[in-house]
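Asks: Just protein31.cif, nothing more (mmCIF, C-alpha atoms):
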```cif
data_work
#
loop_
_atom_site.label_atom_id
_atom_site.label_comp_id
_atom_site.auth_asym_id
_atom_site.auth_seq_id
_atom_site.Cartn_x
_atom_site.Cartn_y
_atom_site.Cartn_z
CA MET A 1 0.00 0.00 0.00
CA THR A 2 1.08 3.50 -0.65
CA ALA A 3 1.30 5.60 2.46
CA ALA A 4 -0.75 8.77 2.53
CA VAL A 5 1.34 11.88 2.25
CA ALA A 6 0.27 14.90 4.26
CA VAL A 7 0.35 18.09 2.25
CA PRO A 8 1.25 21.09 4.39
CA VAL A 9 -1.12 23.99 4.26
CA SER A 10 0.52 27.16 3.06
CA ARG A 11 0.47 30.00 5.60
CA THR A 12 2.20 32.50 3.42
CA GLY A 13 -1.02 33.97 2.15
CA HIS A 14 -3.13 36.05 4.49
CA ASP A 15 -6.69 37.37 4.28
CA THR A 16 -7.91 34.47 2.10
CA VAL A 17 -11.32 34.72 3.75
CA PRO A 18 -13.54 37.38 2.10
CA LEU A 19 -14.00 40.46 4.26
CA THR A 20 -17.76 40.47 3.72
CA ARG A 21 -17.95 36.93 5.07
CA LEU A 22 -16.00 37.89 8.18
CA ILE A 23 -18.18 40.94 8.80
CA ALA A 24 -21.40 38.98 8.30
CA ALA A 25 -20.23 36.32 10.75
CA GLU A 26 -19.26 38.97 13.29
CA LEU A 27 -22.60 40.78 13.02
CA ARG A 28 -24.51 37.50 13.43
CA TRP A 29 -22.43 36.75 16.51
CA ILE A 30 -23.09 40.21 17.99
CA TYR A 31 -26.81 40.50 17.37
CA ARG A 32 -27.58 36.98 18.54
CA ARG A 33 -26.35 37.76 22.03
CA PRO A 34 -29.35 38.25 24.35
CA ARG A 35 -27.53 40.88 26.42
CA THR A 36 -26.82 42.97 23.33
CA LEU A 37 -30.46 42.91 22.30
CA ALA A 38 -31.54 43.64 25.88
CA VAL A 39 -29.33 46.74 26.13
CA LEU A 40 -30.44 48.02 22.72
CA GLY A 41 -34.08 47.47 23.64
CA LEU A 42 -33.60 49.28 26.95
CA LEU A 43 -32.00 52.25 25.21
CA ALA A 44 -34.84 52.42 22.70
CA LEU A 45 -37.33 52.57 25.58
CA VAL A 46 -35.59 55.44 27.38
CA PRO A 47 -37.01 58.29 25.22
CA ILE A 48 -40.49 56.77 25.50
CA VAL A 49 -40.28 56.55 29.29
CA VAL A 50 -38.85 60.07 29.53
CA GLY A 51 -41.54 61.52 27.26
CA ILE A 52 -44.39 59.86 29.12
CA GLY A 53 -42.86 60.75 32.49
CA LEU A 54 -42.48 64.41 31.63
CA THR A 55 -46.04 64.54 30.35
CA LEU A 56 -47.45 62.97 33.51
CA VAL A 57 -45.40 65.13 35.83
CA GLY A 58 -46.38 68.23 33.91
CA GLN A 59 -43.25 70.24 34.63
CA SER A 60 -43.05 73.77 33.26
CA ALA A 61 -40.72 74.23 30.29
CA SER A 62 -37.67 76.42 30.75
CA GLY A 63 -38.51 78.45 27.63
CA SER A 64 -35.62 80.45 26.30
CA ASP A 65 -33.27 79.79 29.22
CA ALA A 66 -29.82 78.74 28.10
CA PRO A 67 -29.01 75.17 28.93
CA ASP A 68 -26.21 74.35 31.33
CA ASP A 69 -24.61 71.11 32.39
CA SER A 70 -27.56 70.20 34.58
CA GLY A 71 -29.55 67.24 33.36
CA GLY A 72 -32.63 68.60 35.10
CA ALA A 73 -32.56 71.81 33.06
CA LEU A 74 -32.30 69.87 29.82
CA LEU A 75 -35.18 67.61 30.84
CA ALA A 76 -37.30 70.63 31.75
CA SER A 77 -36.64 72.00 28.28
CA ALA A 78 -37.95 68.76 26.75
CA VAL A 79 -41.45 69.28 28.15
CA ASN A 80 -43.86 69.96 25.28
CA ASN A 81 -40.92 70.06 22.86
CA ALA A 82 -40.62 67.19 20.39
CA PHE A 83 -37.27 68.54 19.17
CA VAL A 84 -35.52 68.54 22.55
CA LEU A 85 -36.88 65.21 23.81
CA PRO A 86 -34.64 62.80 21.82
CA ILE A 87 -31.56 64.97 22.44
CA ALA A 88 -32.26 65.15 26.18
CA ALA A 89 -32.73 61.37 26.32
CA MET A 90 -29.42 60.74 24.53
CA VAL A 91 -27.52 63.16 26.76
CA MET A 92 -28.98 61.49 29.85
CA THR A 93 -27.87 58.03 28.76
CA LEU A 94 -24.46 59.27 27.58
CA THR A 95 -23.32 59.23 31.21
CA LEU A 96 -23.85 55.48 31.65
CA LEU A 97 -26.12 53.38 29.42
CA LEU A 98 -24.72 54.31 26.02
CA PRO A 99 -21.07 53.83 27.12
CA LEU A 100 -22.17 50.55 28.71
CA ALA A 101 -23.43 49.31 25.34
CA SER A 102 -20.14 50.14 23.61
CA ALA A 103 -18.05 48.77 26.47
CA MET A 104 -19.99 45.49 26.45
CA ALA A 105 -19.54 45.14 22.70
CA GLY A 106 -15.80 45.82 22.98
CA ALA A 107 -15.45 43.38 25.86
CA ASP A 108 -17.25 40.58 24.04
CA ALA A 109 -15.33 41.23 20.81
CA ILE A 110 -11.96 39.99 22.09
CA ALA A 111 -11.99 39.15 25.80
CA GLY A 112 -15.35 37.40 25.51
CA GLU A 113 -14.18 35.20 22.65
CA ALA A 114 -10.90 34.51 24.45
CA ALA A 115 -12.85 33.34 27.49
CA HIS A 116 -14.94 30.98 25.33
CA GLY A 117 -11.90 29.73 23.40
CA THR A 118 -13.14 31.00 20.03
CA LEU A 119 -10.55 33.75 19.68
CA ARG A 120 -7.80 31.21 19.06
CA GLY A 121 -9.61 30.10 15.92
CA TRP A 122 -9.41 33.67 14.65
CA LEU A 123 -5.72 33.95 15.53
CA ILE A 124 -4.68 30.76 13.72
CA ALA A 125 -6.95 31.34 10.71
CA PRO A 126 -5.55 32.77 7.44
CA VAL A 127 -6.64 36.26 8.49
CA SER A 128 -4.19 39.03 9.30
CA ARG A 129 -4.35 40.61 12.73
CA GLY A 130 -5.12 43.97 11.17
CA ARG A 131 -8.15 42.58 9.37
CA LEU A 132 -9.23 40.79 12.55
CA LEU A 133 -9.14 44.05 14.49
CA ALA A 134 -10.95 45.88 11.69
CA VAL A 135 -13.78 43.33 11.75
CA LYS A 136 -14.05 43.52 15.54
CA ALA A 137 -13.97 47.33 15.50
CA PHE A 138 -16.65 47.42 12.80
CA GLY A 139 -18.89 45.19 14.90
CA VAL A 140 -18.45 47.40 17.97
CA ALA A 141 -19.11 50.50 15.85
CA THR A 142 -22.40 49.10 14.55
CA VAL A 143 -23.64 48.58 18.10
CA SER A 144 -23.05 52.26 18.83
CA VAL A 145 -24.81 53.33 15.63
CA VAL A 146 -27.81 51.06 16.22
CA ALA A 147 -28.13 52.20 19.85
CA VAL A 148 -28.12 55.91 19.00
CA LEU A 149 -30.33 55.47 15.93
CA ALA A 150 -32.87 53.53 17.98
CA MET A 151 -33.00 56.35 20.54
CA CYS A 152 -33.37 58.97 17.81
CA VAL A 153 -36.27 57.12 16.17
CA THR A 154 -38.20 56.39 19.36
CA GLY A 155 -37.47 59.88 20.70
CA VAL A 156 -38.76 61.65 17.59
CA VAL A 157 -41.82 59.42 17.28
CA THR A 158 -42.66 59.81 20.98
CA GLY A 159 -42.23 63.56 20.88
CA LEU A 160 -44.40 63.95 17.79
CA ILE A 161 -47.13 61.72 19.18
CA ILE A 162 -47.23 63.54 22.51
CA ASN A 163 -46.67 67.12 21.39
CA GLY A 164 -47.37 67.21 17.64
CA THR A 165 -45.38 68.66 14.74
CA ASP A 166 -45.89 72.25 15.90
CA SER A 167 -43.74 71.68 18.99
CA LEU A 168 -40.40 71.77 17.16
CA PHE A 169 -38.72 74.88 18.50
CA THR A 170 -35.28 75.78 19.79
CA LEU A 171 -34.45 77.18 23.22
CA SER A 172 -33.92 80.52 21.50
CA GLY A 173 -37.60 80.56 20.55
CA SER A 174 -37.27 79.93 16.82
CA THR A 175 -39.53 77.34 15.20
CA LEU A 176 -38.00 74.55 13.13
CA SER A 177 -39.46 72.58 10.28
CA LEU A 178 -39.55 68.82 10.64
CA GLY A 179 -36.62 68.45 8.26
CA GLU A 180 -34.49 71.01 10.13
CA ALA A 181 -35.27 69.37 13.46
CA LEU A 182 -34.36 65.92 12.14
CA LEU A 183 -31.05 67.21 10.74
CA ARG A 184 -30.12 68.73 14.10
CA ILE A 185 -31.08 65.56 15.95
CA LEU A 186 -29.00 63.48 13.55
CA LEU A 187 -26.10 65.90 14.03
CA VAL A 188 -26.20 65.31 17.78
CA GLY A 189 -26.65 61.59 17.22
CA GLY A 190 -23.62 61.44 14.92
CA TRP A 191 -21.51 63.33 17.45
CA ILE A 192 -22.55 60.97 20.23
CA VAL A 193 -21.79 57.97 18.00
CA LEU A 194 -18.26 59.32 17.57
CA GLN A 195 -17.88 59.54 21.36
CA LEU A 196 -19.11 55.95 21.67
CA TRP A 197 -16.62 54.82 19.03
CA ALA A 198 -13.91 56.28 21.25
CA ILE A 199 -15.31 54.30 24.19
CA GLY A 200 -15.38 51.18 22.02
CA ALA A 201 -11.76 51.70 20.95
CA VAL A 202 -10.67 51.95 24.58
CA ALA A 203 -12.71 48.83 25.37
CA LEU A 204 -11.01 46.94 22.52
CA ALA A 205 -7.60 48.00 23.83
CA VAL A 206 -8.37 46.72 27.33
CA SER A 207 -10.13 43.66 25.91
CA SER A 208 -7.03 42.61 23.98
CA TRP A 209 -5.08 42.28 27.24
CA THR A 210 -7.51 40.16 29.26
CA GLU A 211 -9.85 37.19 29.05
CA HIS A 212 -12.39 38.66 31.49
CA PRO A 213 -15.14 40.70 29.76
CA MET A 214 -16.49 42.10 33.02
CA LEU A 215 -13.06 43.54 33.77
CA VAL A 216 -13.20 45.43 30.47
CA VAL A 217 -16.67 46.84 31.19
CA ALA A 218 -15.69 47.83 34.73
CA SER A 219 -12.47 49.48 33.53
CA VAL A 220 -14.19 51.55 30.85
CA LEU A 221 -17.03 52.69 33.10
CA ALA A 222 -14.54 53.50 35.85
CA MET A 223 -12.61 55.61 33.34
CA ASN A 224 -15.77 57.57 32.57
CA ILE A 225 -16.49 58.14 36.25
CA VAL A 226 -12.92 59.25 36.98
CA PHE A 227 -12.90 61.57 33.96
CA THR A 228 -16.19 63.11 35.09
CA ILE A 229 -14.87 63.71 38.60
CA LEU A 230 -11.65 65.22 37.27
CA GLY A 231 -13.73 67.51 35.08
CA PHE A 232 -15.23 69.11 38.20
CA LEU A 233 -11.84 69.91 39.75
CA THR A 234 -10.86 73.44 38.77
CA SER A 235 -7.33 72.86 40.07
CA LEU A 236 -6.87 70.37 37.22
CA LYS A 237 -8.19 72.65 34.51
CA TRP A 238 -5.05 72.04 32.45
CA LEU A 239 -6.09 68.38 32.22
CA HIS A 240 -9.68 68.95 31.10
CA PRO A 241 -8.97 69.22 27.32
CA PHE A 242 -7.61 65.66 27.43
CA LEU A 243 -10.68 64.15 29.14
CA LEU A 244 -13.02 62.31 26.78
CA THR A 245 -16.09 63.21 28.82
CA LYS A 246 -15.44 66.96 28.60
CA ASP A 247 -18.49 68.86 27.27
CA TRP A 248 -20.58 65.70 26.92
CA THR A 249 -23.61 67.68 28.12
CA LEU A 250 -22.72 71.17 26.90
CA ALA A 251 -21.84 70.31 23.29
CA PRO A 252 -25.19 68.68 22.39
CA ALA A 253 -27.07 71.49 24.14
CA ALA A 254 -25.50 74.01 21.73
CA VAL A 255 -27.59 72.51 18.91
CA LEU A 256 -30.74 73.48 20.80
CA GLN A 257 -30.08 77.15 20.21
CA ASP A 258 -30.33 79.30 17.12
CA PRO A 259 -27.81 79.97 15.71
CA MET A 260 -25.92 76.82 16.62
CA MET A 261 -22.57 77.20 18.39
CA LEU A 262 -20.50 74.25 17.16
CA THR A 263 -17.12 75.09 18.67
CA ARG A 264 -17.47 72.42 21.37
CA PHE A 265 -18.71 69.98 18.72
CA GLY A 266 -15.48 70.30 16.78
CA GLU A 267 -13.28 70.02 19.85
CA GLY A 268 -15.17 66.96 21.08
CA ALA A 269 -14.95 65.29 17.68
CA VAL A 270 -11.16 65.80 17.49
CA ARG A 271 -10.76 64.52 21.05
CA ALA A 272 -12.79 61.39 20.31
CA ALA A 273 -10.83 60.77 17.10
CA CYS A 274 -7.57 60.85 19.09
CA TYR A 275 -8.94 58.30 21.54
CA ILE A 276 -10.00 56.07 18.64
CA VAL A 277 -6.54 56.17 17.07
CA VAL A 278 -4.76 55.49 20.37
CA GLY A 279 -7.19 52.75 21.44
CA LEU A 280 -7.06 50.85 18.16
CA SER A 281 -3.29 51.22 17.99
CA LEU A 282 -2.89 49.67 21.44
CA ALA A 283 -5.29 46.88 20.53
CA TYR A 284 -3.42 46.13 17.31
CA GLY A 285 -0.06 46.18 19.08
CA ARG A 286 -1.34 43.56 21.48
CA LEU A 287 -3.00 41.35 18.84
CA VAL A 288 0.11 41.06 16.67
CA THR A 289 1.98 39.56 19.64
CA ARG A 290 -0.86 37.41 20.95
CA ASP A 291 -0.95 33.65 20.34
CA GLY A 292 -4.41 32.91 21.69
#
```
Re-express the file's structure as structure tokens.

Replies:
Amino acid sequence: MTAAVAVPVSRTGHDTVPLTRLIAAELRWIYRRPRTLAVLGLLALVPIVVGIGLTLVGQSASGSDAPDDSGGALLASAVNNAFVLPIAAMVMTLTLLLPLASAMAGADAIAGEAAHGTLRGWLIAPVSRGRLLAVKAFGVATVSVVAVLAMCVTGVVTGLIINGTDSLFTLSGSTLSLGEALLRILLVGGWIVLQLWAIGAVALAVSSWTEHPMLVVASVLAMNIVFTILGFLTSLKWLHPFLLTKDWTLAPAAVLQDPMMLTRFGEGAVRAACYIVVGLSLAYGRLVTRDG
């Protein structure tokens, strides 16, 4: 008999798996997790609960008062205002629930798969580490987009049902058309998505160094809390421009006025982009040296 000869599999070629196939598999993996769907559903319910709650309480609107960093003032401005409601709901959840969604996605992307033993299959597959990180980052990014988009949709629908289309006005007193209001809401939503991408990049960086997803979530949320506390310390004012959470409440509130003051928007976008670059760079540096 002729002995069977084993033919070695060539490892010289990378990225032999189509990128679309990798992304599709990653998205199926993400959106089949019950906890991901639970968090997204909870976020979609927040604007509805806020709108109904404000209607039942019957608080008086703040009218043309300029918003500050107080969540109560922003909520008061959302009473009888279908334009402010979705923005107020997103700003409220930006302190905890929205970062939690991105942190969970980043934790499950690498640390979660390492804990279940599935990450090793990715690392030994004919897929470069850069493409692996790109697929994971894309999956985390979609969670942020879906979360914010869900809040925008439910917030706008709730506001229009409760207050009608004639309740779209800024805090400066000017009335907006439905199209103008939607563009401003999407502008805030896009800015918040960018902040969540920065959170996701940090989560991926931490996730690449551990096999414990809860440690990633705790680390990212602790970072947000520490940054928020540091932002209140005037003695550390020199540090504030480097804090990701800086102007998380003031920047979106600028869109509620007419004309819009987008200086903080630009600064926050640049800051978030820097965190994304640093976070993904750290994650990539770890993945290229990781065996499983």

Asks: Counting all atoms listed in the file, which of A:Gly41, A:Gly53, A:Gly200, A:Pro213 gets nearest to A:Ala111?

Replies: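 Among the listed residues, the smallest separation from A:Ala111 belongs to A:Pro213.
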
Asks: Looking at only C-alpha atoms, which of A:Ala109, A:Leu94, A:Leu43, A:Leu280 is the one that sits closest to A:Trp191?

Replies: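 The shortest atom-to-atom distance to A:Trp191 comes from A:Leu94.
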
Asks: I need the residue nearest A:Thr158 from this list: A:Leu187, A:Val288, A:Ile48, A:Val79. Use all atoms listed in the file for the distance.

Replies: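 Smallest distance to A:Thr158 is found for A:Ile48.
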
Asks: Selection in question (the file shown): the PyMOL selection byres ((chain A and resi 137-148) around 9). Which residues does it include, as a ChimeraX atom specification?

Replies: /A:23,26-27,30-31,36,39-41,43-44,90,98-99,101-106,109,132-136,149-153,189-190,192-194,196-197,200-201,204,280

Asks: Using all atoms listed in the file, which protein or nucleic acid residues come within 12 Å of A:Gly266? Drop anything in the same chain fewer than 2 positions from it, and give the result as a JSON list (two decimals) with C-alpha atoms, keeping the file's coordinate frame.

Replies:
```json
[["chain", "number", "residue", "atom", "x", "y", "z"],
["A", 187, "LEU", "CA", -26.10, 65.90, 14.03],
["A", 188, "VAL", "CA", -26.20, 65.31, 17.78],
["A", 191, "TRP", "CA", -21.51, 63.33, 17.45],
["A", 194, "LEU", "CA", -18.26, 59.32, 17.57],
["A", 195, "GLN", "CA", -17.88, 59.54, 21.36],
["A", 247, "ASP", "CA", -18.49, 68.86, 27.27],
["A", 251, "ALA", "CA", -21.84, 70.31, 23.29],
["A", 252, "PRO", "CA", -25.19, 68.68, 22.39],
["A", 254, "ALA", "CA", -25.50, 74.01, 21.73],
["A", 261, "MET", "CA", -22.57, 77.20, 18.39],
["A", 262, "LEU", "CA", -20.50, 74.25, 17.16],
["A", 263, "THR", "CA", -17.12, 75.09, 18.67],
["A", 264, "ARG", "CA", -17.47, 72.42, 21.37],
["A", 268, "GLY", "CA", -15.17, 66.96, 21.08],
["A", 269, "ALA", "CA", -14.95, 65.29, 17.68],
["A", 270, "VAL", "CA", -11.16, 65.80, 17.49],
["A", 271, "ARG", "CA", -10.76, 64.52, 21.05],
["A", 272, "ALA", "CA", -12.79, 61.39, 20.31],
["A", 273, "ALA", "CA", -10.83, 60.77, 17.10]]
```

Asks: Take the PyMOL selection byres ((chain A and resi 243) around 12), run it mentally on this structure, and tell me the resulting residues as a ChimeraX atom specification.

Replies: /A:195,198-199,223-232,236-242,244-248,267-268,270-272,274-275

Asks: Next, write the just-selected residues to a file, as a compact mmCIF listing (two decimals), in the frame of the given file, keeping C-alpha atoms as the atom set.

Replies:
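Full text of again.txt as output:
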```txt
# COMPACT_ATOMS: atom_id res chain seq x y z
CA GLN A 195 -17.88 59.54 21.36
CA ALA A 198 -13.91 56.28 21.25
CA ILE A 199 -15.31 54.30 24.19
CA MET A 223 -12.61 55.61 33.34
CA ASN A 224 -15.77 57.57 32.57
CA ILE A 225 -16.49 58.14 36.25
CA VAL A 226 -12.92 59.25 36.98
CA PHE A 227 -12.90 61.57 33.96
CA THR A 228 -16.19 63.11 35.09
CA ILE A 229 -14.87 63.71 38.60
CA LEU A 230 -11.65 65.22 37.27
CA GLY A 231 -13.73 67.51 35.08
CA PHE A 232 -15.23 69.11 38.20
CA LEU A 236 -6.87 70.37 37.22
CA LYS A 237 -8.19 72.65 34.51
CA TRP A 238 -5.05 72.04 32.45
CA LEU A 239 -6.09 68.38 32.22
CA HIS A 240 -9.68 68.95 31.10
CA PRO A 241 -8.97 69.22 27.32
CA PHE A 242 -7.61 65.66 27.43
CA LEU A 244 -13.02 62.31 26.78
CA THR A 245 -16.09 63.21 28.82
CA LYS A 246 -15.44 66.96 28.60
CA ASP A 247 -18.49 68.86 27.27
CA TRP A 248 -20.58 65.70 26.92
CA GLU A 267 -13.28 70.02 19.85
CA GLY A 268 -15.17 66.96 21.08
CA VAL A 270 -11.16 65.80 17.49
CA ARG A 271 -10.76 64.52 21.05
CA ALA A 272 -12.79 61.39 20.31
CA CYS A 274 -7.57 60.85 19.09
CA TYR A 275 -8.94 58.30 21.54
```

Asks: Compare A:Pro86, A:Pro34, A:Gly51, A:Gly279 by their minimum atom-to-atom distance to A:Ile162, counting all atoms listed in the file, and give me the closest one.

Replies: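 Of the candidates, the smallest distance to A:Ile162 is held by A:Gly51.
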
Asks: Grab the atom CA of A:Leu22 to atom CA of A:Val278 distance for me, in Å with one decimal place.

Replies: 24.2 Å

Asks: For atom CA of A:Thr170 and atom CA of A:Thr93, quote the distance in Å rounded to one decimal.

Replies: 21.2 Å
